[in-house]
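**Q** I am sharing final-v9.txt, which consists of compact mmCIF, C-alpha atoms and all ligand atoms:
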```txt
# COMPACT_ATOMS: atom_id res chain seq x y z
CA MET F 1 8.90 -1.34 -45.04
CA VAL F 2 12.52 -2.09 -44.65
CA PRO F 3 14.29 0.30 -42.34
CA THR F 4 17.31 2.03 -43.76
CA GLY F 5 20.49 1.71 -41.77
CA GLU F 6 23.88 3.31 -41.70
CA VAL F 7 26.01 0.75 -43.40
CA ASP F 8 28.73 1.38 -45.90
CA PRO F 9 27.42 -0.24 -49.09
CA ALA F 10 31.00 -0.74 -50.28
CA LYS F 11 31.49 -3.21 -47.45
CA ILE F 12 28.63 -5.42 -48.47
CA THR F 13 29.02 -5.93 -52.17
CA PRO F 14 26.66 -8.67 -53.24
CA GLU F 15 29.50 -10.34 -55.08
CA TRP F 16 31.56 -10.58 -51.94
CA LEU F 17 28.71 -12.13 -50.05
CA TYR F 18 28.05 -14.49 -52.93
CA HIS F 19 31.61 -15.77 -52.89
CA SER F 20 31.85 -16.13 -49.16
CA ARG F 21 28.57 -18.04 -49.12
CA ARG F 22 29.81 -20.43 -51.79
CA GLN F 23 33.01 -20.94 -49.85
CA PHE F 24 31.02 -21.75 -46.76
CA LEU F 25 28.76 -24.15 -48.60
CA LYS F 26 31.76 -25.88 -50.04
CA ALA F 27 33.43 -26.13 -46.66
CA ALA F 28 30.26 -27.46 -45.09
CA GLY F 29 29.84 -30.01 -47.86
CA PHE F 30 26.70 -28.36 -49.13
CA LEU F 31 27.77 -27.93 -52.75
CA GLY F 32 26.18 -31.12 -53.94
CA ALA F 33 22.82 -31.77 -55.52
CA SER F 34 21.23 -28.81 -53.79
CA ALA F 35 23.67 -26.37 -55.38
CA LEU F 36 22.94 -27.80 -58.81
CA LEU F 37 19.26 -27.58 -58.14
CA ALA F 38 19.66 -24.04 -56.91
CA ALA F 39 21.56 -23.09 -60.03
CA ALA F 40 18.99 -24.79 -62.21
CA CYS F 41 16.20 -22.65 -60.87
CA GLY F 42 18.30 -19.52 -60.74
CA ARG F 43 18.36 -19.32 -57.00
CA GLU F 44 22.07 -18.75 -56.52
CA GLU F 45 21.24 -15.28 -57.70
CA PRO F 46 22.18 -12.43 -55.85
CA ILE F 47 21.78 -11.15 -52.74
CA THR F 48 19.43 -8.32 -52.08
CA VAL F 49 20.45 -5.78 -49.58
CA PRO F 50 17.54 -4.35 -47.66
CA GLY F 51 17.12 -0.71 -48.24
CA GLU F 52 17.69 -1.43 -51.90
CA ALA F 53 14.81 -3.87 -52.15
CA GLN F 54 11.93 -1.49 -52.62
CA SER F 55 9.16 -3.99 -53.03
CA LEU F 56 9.31 -5.78 -49.73
CA THR F 57 6.10 -5.80 -47.79
CA PRO F 58 5.70 -7.10 -44.27
CA GLY F 59 5.35 -10.86 -44.32
CA ALA F 60 6.60 -11.15 -47.89
CA ARG F 61 9.60 -13.30 -48.66
CA THR F 62 12.82 -11.85 -49.91
CA ALA F 63 13.66 -13.00 -53.39
CA GLY F 64 17.14 -14.35 -53.91
CA LYS F 65 18.19 -15.34 -50.42
CA VAL F 66 17.78 -19.01 -49.65
CA ASP F 67 19.42 -21.42 -47.28
CA GLU F 68 21.16 -24.58 -48.51
CA LEU F 69 17.82 -26.43 -48.52
CA GLY F 70 16.32 -23.79 -50.80
CA ASP F 71 14.17 -22.29 -48.03
CA GLN F 72 13.63 -18.57 -48.51
CA ALA F 73 15.00 -16.20 -45.93
CA ASN F 74 12.49 -14.47 -43.71
CA THR F 75 12.06 -10.76 -44.26
CA TYR F 76 14.07 -8.13 -42.43
CA GLU F 77 10.77 -7.11 -40.89
CA ASP F 78 10.00 -10.58 -39.49
CA ILE F 79 13.49 -11.06 -38.15
CA THR F 80 13.64 -7.67 -36.41
CA GLN F 81 10.06 -7.39 -35.11
CA TYR F 82 9.48 -10.86 -33.65
CA ASN F 83 12.12 -11.58 -31.04
CA ASN F 84 12.89 -13.47 -27.90
CA TYR F 85 15.03 -11.30 -25.64
CA TYR F 86 13.89 -11.59 -22.04
CA GLU F 87 16.27 -8.86 -20.84
CA PHE F 88 13.89 -6.41 -22.53
CA THR F 89 10.49 -8.08 -22.37
CA THR F 90 8.84 -11.47 -22.76
CA ASP F 91 6.57 -9.90 -25.42
CA LYS F 92 8.08 -10.86 -28.78
CA ALA F 93 6.56 -7.86 -30.54
CA GLY F 94 7.81 -5.49 -27.84
CA VAL F 95 11.54 -6.17 -27.91
CA ALA F 96 12.27 -3.96 -30.94
CA GLY F 97 10.74 -0.87 -29.30
CA LEU F 98 12.22 -1.38 -25.84
CA SER F 99 15.71 -2.07 -27.16
CA LYS F 100 15.92 1.11 -29.27
CA GLY F 101 18.91 3.12 -28.16
CA PHE F 102 20.63 0.17 -26.45
CA ALA F 103 24.27 1.25 -26.16
CA THR F 104 26.64 -1.09 -27.98
CA SER F 105 29.72 1.09 -27.94
CA PRO F 106 32.15 0.83 -26.28
CA TRP F 107 31.81 -2.96 -26.11
CA THR F 108 34.28 -5.65 -25.14
CA VAL F 109 34.17 -9.44 -24.99
CA GLU F 110 36.44 -10.99 -22.38
CA VAL F 111 37.75 -14.43 -23.29
CA SER F 112 39.22 -16.06 -20.22
CA GLY F 113 39.38 -19.15 -18.04
CA LEU F 114 41.38 -22.21 -19.10
CA VAL F 115 43.31 -20.60 -21.93
CA LYS F 116 46.96 -19.82 -22.53
CA LYS F 117 46.32 -16.26 -23.69
CA PRO F 118 43.32 -14.62 -22.00
CA THR F 119 42.27 -11.71 -24.19
CA THR F 120 39.72 -8.92 -24.01
CA PHE F 121 38.57 -8.14 -27.54
CA THR F 122 36.94 -4.84 -28.41
CA ILE F 123 34.06 -5.04 -30.84
CA GLU F 124 36.36 -3.37 -33.38
CA ASP F 125 38.86 -6.24 -32.93
CA LEU F 126 36.10 -8.77 -33.49
CA LEU F 127 34.89 -7.06 -36.65
CA LYS F 128 38.37 -7.59 -38.12
CA PHE F 129 37.82 -11.35 -38.30
CA PRO F 130 36.76 -12.21 -41.87
CA GLN F 131 32.99 -11.78 -41.93
CA GLN F 132 30.99 -14.22 -44.04
CA GLU F 133 27.33 -14.61 -44.79
CA ARG F 134 25.64 -17.65 -43.24
CA ILE F 135 21.99 -18.24 -44.00
CA TYR F 136 20.77 -20.38 -41.11
CA ARG F 137 17.47 -21.75 -39.93
CA LEU F 138 16.65 -20.77 -36.35
CA ARG F 139 14.29 -23.21 -34.61
CA CYS F 140 12.85 -21.80 -31.40
CA VAL F 141 11.95 -24.27 -28.67
CA GLU F 142 8.44 -22.77 -28.90
CA ALA F 143 7.98 -24.60 -32.23
CA TRP F 144 8.36 -21.69 -34.66
CA SER F 145 11.26 -21.07 -36.99
CA MET F 146 12.85 -18.51 -39.30
CA VAL F 147 15.59 -18.40 -41.91
CA ILE F 148 18.07 -15.66 -41.10
CA PRO F 149 20.94 -14.30 -43.23
CA TRP F 150 23.65 -13.52 -40.71
CA GLN F 151 27.09 -12.02 -41.19
CA GLY F 152 29.67 -13.33 -38.81
CA PHE F 153 32.64 -15.61 -38.38
CA PRO F 154 33.35 -18.96 -36.79
CA LEU F 155 33.78 -18.82 -33.02
CA ASN F 156 36.72 -21.19 -33.45
CA LEU F 157 38.81 -18.31 -34.88
CA VAL F 158 38.60 -16.55 -31.52
CA LEU F 159 39.12 -19.73 -29.51
CA GLN F 160 42.21 -20.70 -31.52
CA GLN F 161 43.68 -17.28 -30.85
CA VAL F 162 43.42 -17.62 -27.05
CA GLU F 163 44.75 -21.22 -27.11
CA PRO F 164 42.53 -23.41 -24.92
CA LEU F 165 44.41 -25.48 -22.32
CA PRO F 166 43.99 -29.28 -22.35
CA GLU F 167 41.76 -29.11 -19.24
CA ALA F 168 39.21 -26.92 -21.02
CA LYS F 169 36.16 -29.05 -21.85
CA PHE F 170 33.28 -26.54 -22.02
CA VAL F 171 32.68 -22.93 -23.00
CA ARG F 172 30.47 -20.62 -20.96
CA PHE F 173 28.90 -17.47 -22.41
CA GLU F 174 27.40 -14.49 -20.62
CA THR F 175 25.17 -11.57 -21.67
CA LEU F 176 25.59 -7.99 -20.42
CA LEU F 177 24.05 -7.25 -17.02
CA ASP F 178 22.62 -3.71 -17.07
CA ALA F 179 19.13 -3.30 -15.66
CA ASP F 180 19.15 0.43 -16.47
CA GLN F 181 19.21 -0.42 -20.16
CA MET F 182 17.45 -3.78 -20.00
CA PRO F 183 14.21 -3.40 -18.05
CA GLY F 184 13.49 -7.14 -18.04
CA GLN F 185 16.50 -7.61 -15.77
CA LYS F 186 14.57 -5.88 -12.98
CA SER F 187 12.42 -9.02 -12.75
CA ARG F 188 13.57 -11.31 -9.96
CA LEU F 189 11.90 -14.27 -11.65
CA TYR F 190 14.99 -14.89 -13.76
CA PRO F 191 18.62 -15.74 -12.92
CA TRP F 192 20.40 -12.81 -14.60
CA PRO F 193 22.74 -12.49 -16.33
CA TYR F 194 21.61 -14.82 -19.15
CA GLN F 195 24.22 -17.51 -19.60
CA GLU F 196 24.71 -20.39 -21.97
CA GLY F 197 27.23 -23.11 -22.63
CA LEU F 198 28.60 -25.47 -25.25
CA ARG F 199 30.94 -28.42 -25.14
CA LEU F 200 34.33 -27.33 -26.51
CA ASP F 201 33.97 -29.44 -29.67
CA GLU F 202 30.55 -27.89 -30.36
CA ALA F 203 32.03 -24.43 -29.88
CA MET F 204 34.89 -25.30 -32.26
CA HIS F 205 32.55 -26.59 -34.99
CA ASP F 206 32.60 -24.50 -38.13
CA LEU F 207 28.81 -24.01 -38.12
CA THR F 208 29.02 -22.20 -34.77
CA ILE F 209 29.41 -18.49 -35.44
CA LEU F 210 29.56 -15.15 -33.73
CA ALA F 211 27.14 -12.93 -35.67
CA THR F 212 27.74 -9.21 -36.02
CA GLY F 213 25.43 -8.43 -38.94
CA MET F 214 22.14 -9.43 -40.48
CA TYR F 215 21.02 -8.78 -44.07
CA GLY F 216 24.23 -6.84 -44.62
CA LYS F 217 23.63 -4.35 -41.82
CA PRO F 218 25.04 -4.25 -38.32
CA VAL F 219 22.90 -6.56 -36.19
CA LEU F 220 20.18 -4.63 -34.35
CA ALA F 221 19.75 -4.59 -30.57
CA GLN F 222 16.71 -6.87 -30.67
CA ASN F 223 18.77 -9.52 -32.47
CA GLY F 224 21.66 -9.32 -30.02
CA ALA F 225 23.85 -6.36 -30.98
CA PRO F 226 26.70 -5.90 -31.20
CA ILE F 227 27.62 -9.60 -31.17
CA ARG F 228 25.72 -12.82 -30.49
CA LEU F 229 26.27 -16.52 -30.76
CA VAL F 230 24.45 -18.57 -33.42
CA VAL F 231 24.38 -22.38 -33.11
CA PRO F 232 22.02 -23.49 -35.86
CA TRP F 233 21.47 -27.16 -34.91
CA LYS F 234 20.29 -26.32 -31.38
CA TYR F 235 17.11 -24.66 -30.11
CA GLY F 236 17.29 -20.89 -30.46
CA PHE F 237 17.80 -20.17 -26.77
CA LYS F 238 21.36 -21.54 -26.98
CA SER F 239 22.22 -18.64 -29.31
CA ILE F 240 22.98 -16.07 -26.61
CA LYS F 241 22.67 -12.37 -27.47
CA SER F 242 24.80 -9.31 -26.65
CA MET F 243 27.57 -11.31 -25.11
CA ILE F 244 30.34 -9.81 -23.00
CA LYS F 245 32.13 -12.90 -21.76
CA ILE F 246 33.39 -16.24 -23.06
CA GLU F 247 34.95 -18.48 -20.44
CA LEU F 248 36.65 -21.83 -20.98
CA VAL F 249 35.91 -24.18 -18.12
CA GLN F 250 36.42 -27.78 -17.07
CA ASP F 251 32.88 -28.65 -15.92
CA GLN F 252 29.57 -28.35 -17.72
CA PRO F 253 28.30 -24.83 -16.95
CA GLY F 254 24.82 -23.90 -15.81
CA THR F 255 22.53 -22.26 -18.35
CA PHE F 256 19.72 -19.72 -18.00
CA TRP F 257 16.90 -22.03 -19.11
CA SER F 258 18.12 -25.22 -17.46
CA THR F 259 18.41 -23.28 -14.19
CA ILE F 260 14.82 -22.08 -14.44
CA ALA F 261 13.29 -25.40 -15.56
CA PRO F 262 15.75 -28.32 -15.63
CA GLU F 263 13.02 -30.83 -16.50
CA GLU F 264 12.15 -28.86 -19.64
CA TYR F 265 15.50 -27.58 -20.93
CA GLY F 266 18.69 -29.60 -20.96
CA PHE F 267 22.25 -28.54 -21.57
CA TYR F 268 22.47 -29.99 -25.08
CA SER F 269 19.11 -28.85 -26.47
CA ASN F 270 19.81 -30.24 -29.91
CA VAL F 271 16.77 -29.87 -32.15
CA ASN F 272 15.17 -33.33 -32.01
CA PRO F 273 11.66 -33.86 -33.39
CA GLU F 274 11.45 -37.18 -31.51
CA VAL F 275 11.82 -35.67 -28.07
CA ASP F 276 8.77 -33.63 -27.14
CA HIS F 277 8.91 -30.73 -24.76
CA PRO F 278 6.97 -31.84 -21.65
CA ARG F 279 4.21 -29.38 -22.58
CA TRP F 280 4.12 -29.60 -26.39
CA SER F 281 5.25 -31.58 -29.42
CA GLN F 282 8.52 -30.77 -31.18
CA ALA F 283 7.60 -32.85 -34.25
CA THR F 284 6.51 -29.84 -36.32
CA GLU F 285 7.10 -26.12 -36.47
CA ARG F 286 5.52 -22.98 -37.89
CA ARG F 287 7.81 -21.05 -40.22
CA ILE F 288 7.16 -17.39 -39.49
CA GLY F 289 5.43 -15.92 -42.55
CA GLU F 290 3.83 -19.22 -43.57
CA THR F 291 0.51 -20.81 -42.78
CA GLY F 292 0.49 -24.47 -41.95
CA ARG F 293 3.30 -26.40 -40.34
CA ARG F 294 6.53 -28.02 -41.43
CA LYS F 295 8.10 -31.17 -40.13
CA THR F 296 10.96 -30.41 -37.79
CA MET F 297 14.24 -31.94 -38.94
CA MET F 298 16.75 -33.75 -36.76
CA PHE F 299 19.45 -31.29 -35.72
CA ASN F 300 17.36 -28.65 -37.50
CA GLY F 301 18.55 -30.05 -40.84
CA TYR F 302 22.27 -29.96 -40.01
CA ALA F 303 22.60 -33.67 -39.09
CA GLU F 304 25.12 -34.38 -41.83
CA GLN F 305 27.46 -31.80 -40.35
CA VAL F 306 27.00 -32.38 -36.61
CA ALA F 307 25.56 -35.83 -35.84
CA SER F 308 29.08 -37.25 -35.45
CA LEU F 309 29.64 -34.99 -32.42
CA TYR F 310 27.09 -37.07 -30.50
CA LYS F 311 28.07 -40.61 -31.52
CA GLY F 312 27.21 -43.03 -28.76
CA MET F 313 25.25 -40.46 -26.75
CA ASP F 314 21.62 -41.02 -25.78
CA LEU F 315 20.00 -37.93 -27.29
CA ARG F 316 16.81 -38.51 -25.29
CA ALA F 317 18.57 -38.50 -21.93
CA ASN F 318 20.83 -35.69 -23.12
CA TYR F 319 18.07 -33.41 -24.34
N1 LIG F 401 20.61 -12.87 -23.84
C1 LIG F 401 19.60 -13.51 -24.43
N2 LIG F 401 19.85 -14.27 -25.52
C2 LIG F 401 18.83 -14.93 -26.13
C3 LIG F 401 17.51 -14.87 -25.61
C4 LIG F 401 17.27 -14.05 -24.46
O1 LIG F 401 16.14 -13.94 -23.95
N3 LIG F 401 18.34 -13.39 -23.91
N4 LIG F 401 16.49 -15.58 -26.24
C5 LIG F 401 16.91 -16.76 -27.02
C6 LIG F 401 15.81 -17.38 -27.78
S1 LIG F 401 14.64 -18.24 -26.89
C7 LIG F 401 15.76 -17.35 -29.16
S2 LIG F 401 14.58 -18.23 -30.01
C8 LIG F 401 16.71 -16.52 -29.92
C9 LIG F 401 15.93 -15.53 -30.80
O2 LIG F 401 16.79 -14.81 -31.63
P1 LIG F 401 16.20 -13.66 -32.60
O3 LIG F 401 15.27 -12.80 -31.80
O4 LIG F 401 17.39 -12.94 -33.11
O5 LIG F 401 15.46 -14.39 -33.71
O6 LIG F 401 17.59 -15.76 -29.10
C10 LIG F 401 18.09 -16.45 -27.95
N5 LIG F 401 19.09 -15.66 -27.27
MO MO F 402 13.55 -19.59 -28.39
```
Using structure tokens, write down the structure that the file contains.
Ligand SMILES: Nc1nc2c(c(=O)[nH]1)N[C@H]1C(S)=C(S)[C@@H](COP(=O)(O)O)O[C@H]1N2
Ligand SMILES: [Mo]
**A**
Amino acid sequence: MVPTGEVDPAKITPEWLYHSRRQFLKAAGFLGASALLAAACGREEPITVPGEAQSLTPGARTAGKVDELGDQANTYEDITQYNNYYEFTTDKAGVAGLSKGFATSPWTVEVSGLVKKPTTFTIEDLLKFPQQERIYRLRCVEAWSMVIPWQGFPLNLVLQQVEPLPEAKFVRFETLLDADQMPGQKSRLYPWPYQEGLRLDEAMHDLTILATGMYGKPVLAQNGAPIRLVVPWKYGFKSIKSMIKIELVQDQPGTFWSTIAPEEYGFYSNVNPEVDHPRWSQATERRIGETGRRKTMMFNGYAEQVASLYKGMDLRANY
């Protein structure tokens, strides 16, 4: 069953989402053959808002929502009941339960470091940026994947507002540190708080978003409420949840996973089917809700949009 949430239906008119998605596809250069194909088989149809879709059963696919490759979105159930969020638990099925009641208000995101105008945004400020729907594949480093319909806005809107200084080369992100609310943070095995980083040009790329909603509802705690990063061409762990800080820095920042196991997780972590994880192949993936495996795509299928960022770089050495 699809949980019902407290969202104002007026704010999520399917038509509005439809137009913003088309705008995004156009901007990203996606409105080519795939859009024609989608139209031909009636897939540019409408957007179902969970709570209104009565017939959804766990594991079933949601009719109408597809990414630009025509892949169906995973169900609300899949996306909210199968999570990686180590601050709560390493058990993917346990995150939803343990994160119930996680306090997301008041919430601020401090944007600081090498910027002209350091700013602390409240979550209400951030929700005023124009929210769009982005249906993205998420490829976990553990070789499973999902298609997730986010609502959010490009990170570059925030970065432009604070005016990065010329010395700023990287962006560092940090998750809330609060072991009272996040029992996983009591474990000394991990270097809390969770942190991640991007090169400034990656952070400025239009595909990189801050997500505040999913399936037209406010994003739930297990998915990184109230605001999380989504970088669709990189392994899922780069997409840091429940962030409180964005810092512009000169040097490449440390990251949670590369601190724990530098030989397994690099800074870049672009999805690359040709570079195996030391303990398993990255050539294929299991789409949650499907049996069998799919071939993993270079840059998770976003090569056309992002490959130019890495021209001349050895993507094996820079894994
Ligand atoms: N703060 C924080 N962010 C995180 C994680 C985490 O453990 N803590 N897990 C990452 C991993 S490994 C993945 S695959 C995605 C999963 O996002 P989802 O549960 O919304 O699908 O979140 C990423 N962001
Ligand atoms: Mo992951």
**Q** So for ligand LIG 401 (chain F), what box centre and size do we get, axis-aligned, 6 Å extra on each of the six sides, every listed atom, Å to one decimal, as AutoDock Vina command-line options?
**A**
```
--center_x 17.6 --center_y -15.5 --center_z -28.8 --size_x 18.0 --size_y 17.4 --size_z 21.9
```
**Q** Collect all residues with atoms no farther than 8 Å from ligand MO 402 (chain F), counting all atoms listed in the file, and output them as a VMD selection string.
**A** chain F and resid 84 139 to 142 235 to 237
**Q** Would you please work out which residue, of F:Pro218, F:Gly152, F:Gly184, F:Pro278, is nearest to ligand LIG 401 (chain F) when using all atoms listed in the file?
**A**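 Comparing F:Pro218, F:Gly152, F:Gly184, F:Pro278 against ligand LIG 401 (chain F), the winner is F:Gly184.
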**Q** Looking at all atoms listed in the file, which of F:Lys116, F:Arg286, F:Lys311, F:Lys217 is the one that sits closest to F:Leu165?
**A**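 Counting all atoms listed in the file, the residue closest to F:Leu165 is F:Lys116.
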**Q** Within 9 Å of ligand LIG 401 (chain F), counting only C-alpha atoms and all ligand atoms: which residues, as a PyMOL selection string?
**A** chain F and resi 78-90+92+95+138-142+144-146+148+174-176+193-196+219-220+222-224+228-230+235-243+256-257
**Q** Could you check which of F:Phe170, F:Leu189, F:Leu248, F:Gly216 is closest to F:Phe267, using all atoms listed in the file?
**A**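 For F:Phe267, the nearest of the candidates is F:Phe170.
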**Q** For F:Lys295, which residue among F:Ala143, F:Ile123, F:Val249, F:Ala103 is the nearest when counting only C-alpha atoms?
**A**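 Closest candidate: F:Ala143.
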**Q** Taking (45.3, -19.2, -28.8) as a centre in this file's frame and 12 Å as the limit, can you find every polymer residue with an atom that close, using only C-alpha atoms, and give them as a list of chain:residue names?
**A**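 Applying the cut-off with only C-alpha atoms, one gets F:Val111, F:Ser112, F:Leu114, F:Val115, F:Lys116, F:Lys117, F:Pro118, F:Thr119, F:Asn156, F:Leu157, F:Val158, F:Leu159, F:Gln160, F:Gln161, F:Val162, F:Glu163, F:Pro164, F:Leu165, F:Leu248.
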**Q** For F:Gly70, which of F:Met297, F:Leu309, F:Ala93, F:Ile135 is the closest residue, counting all atoms listed in the file?
**A** F:Ile135
**Q** Find, counting all atoms listed in the file, the residue in F:Leu200, F:Val147, F:Ala221, F:Ile244 that gets nearest to F:Leu177.
**A**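 Under the stated criterion, the closest residue is F:Ile244.
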**Q** Would you mind reading off the distance between atom CA of F:Lys234 and atom CA of F:Val171, one decimal, in Å?
**A**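 Pair atom CA of F:Lys234 / atom CA of F:Val171 returns 15.3 Å.
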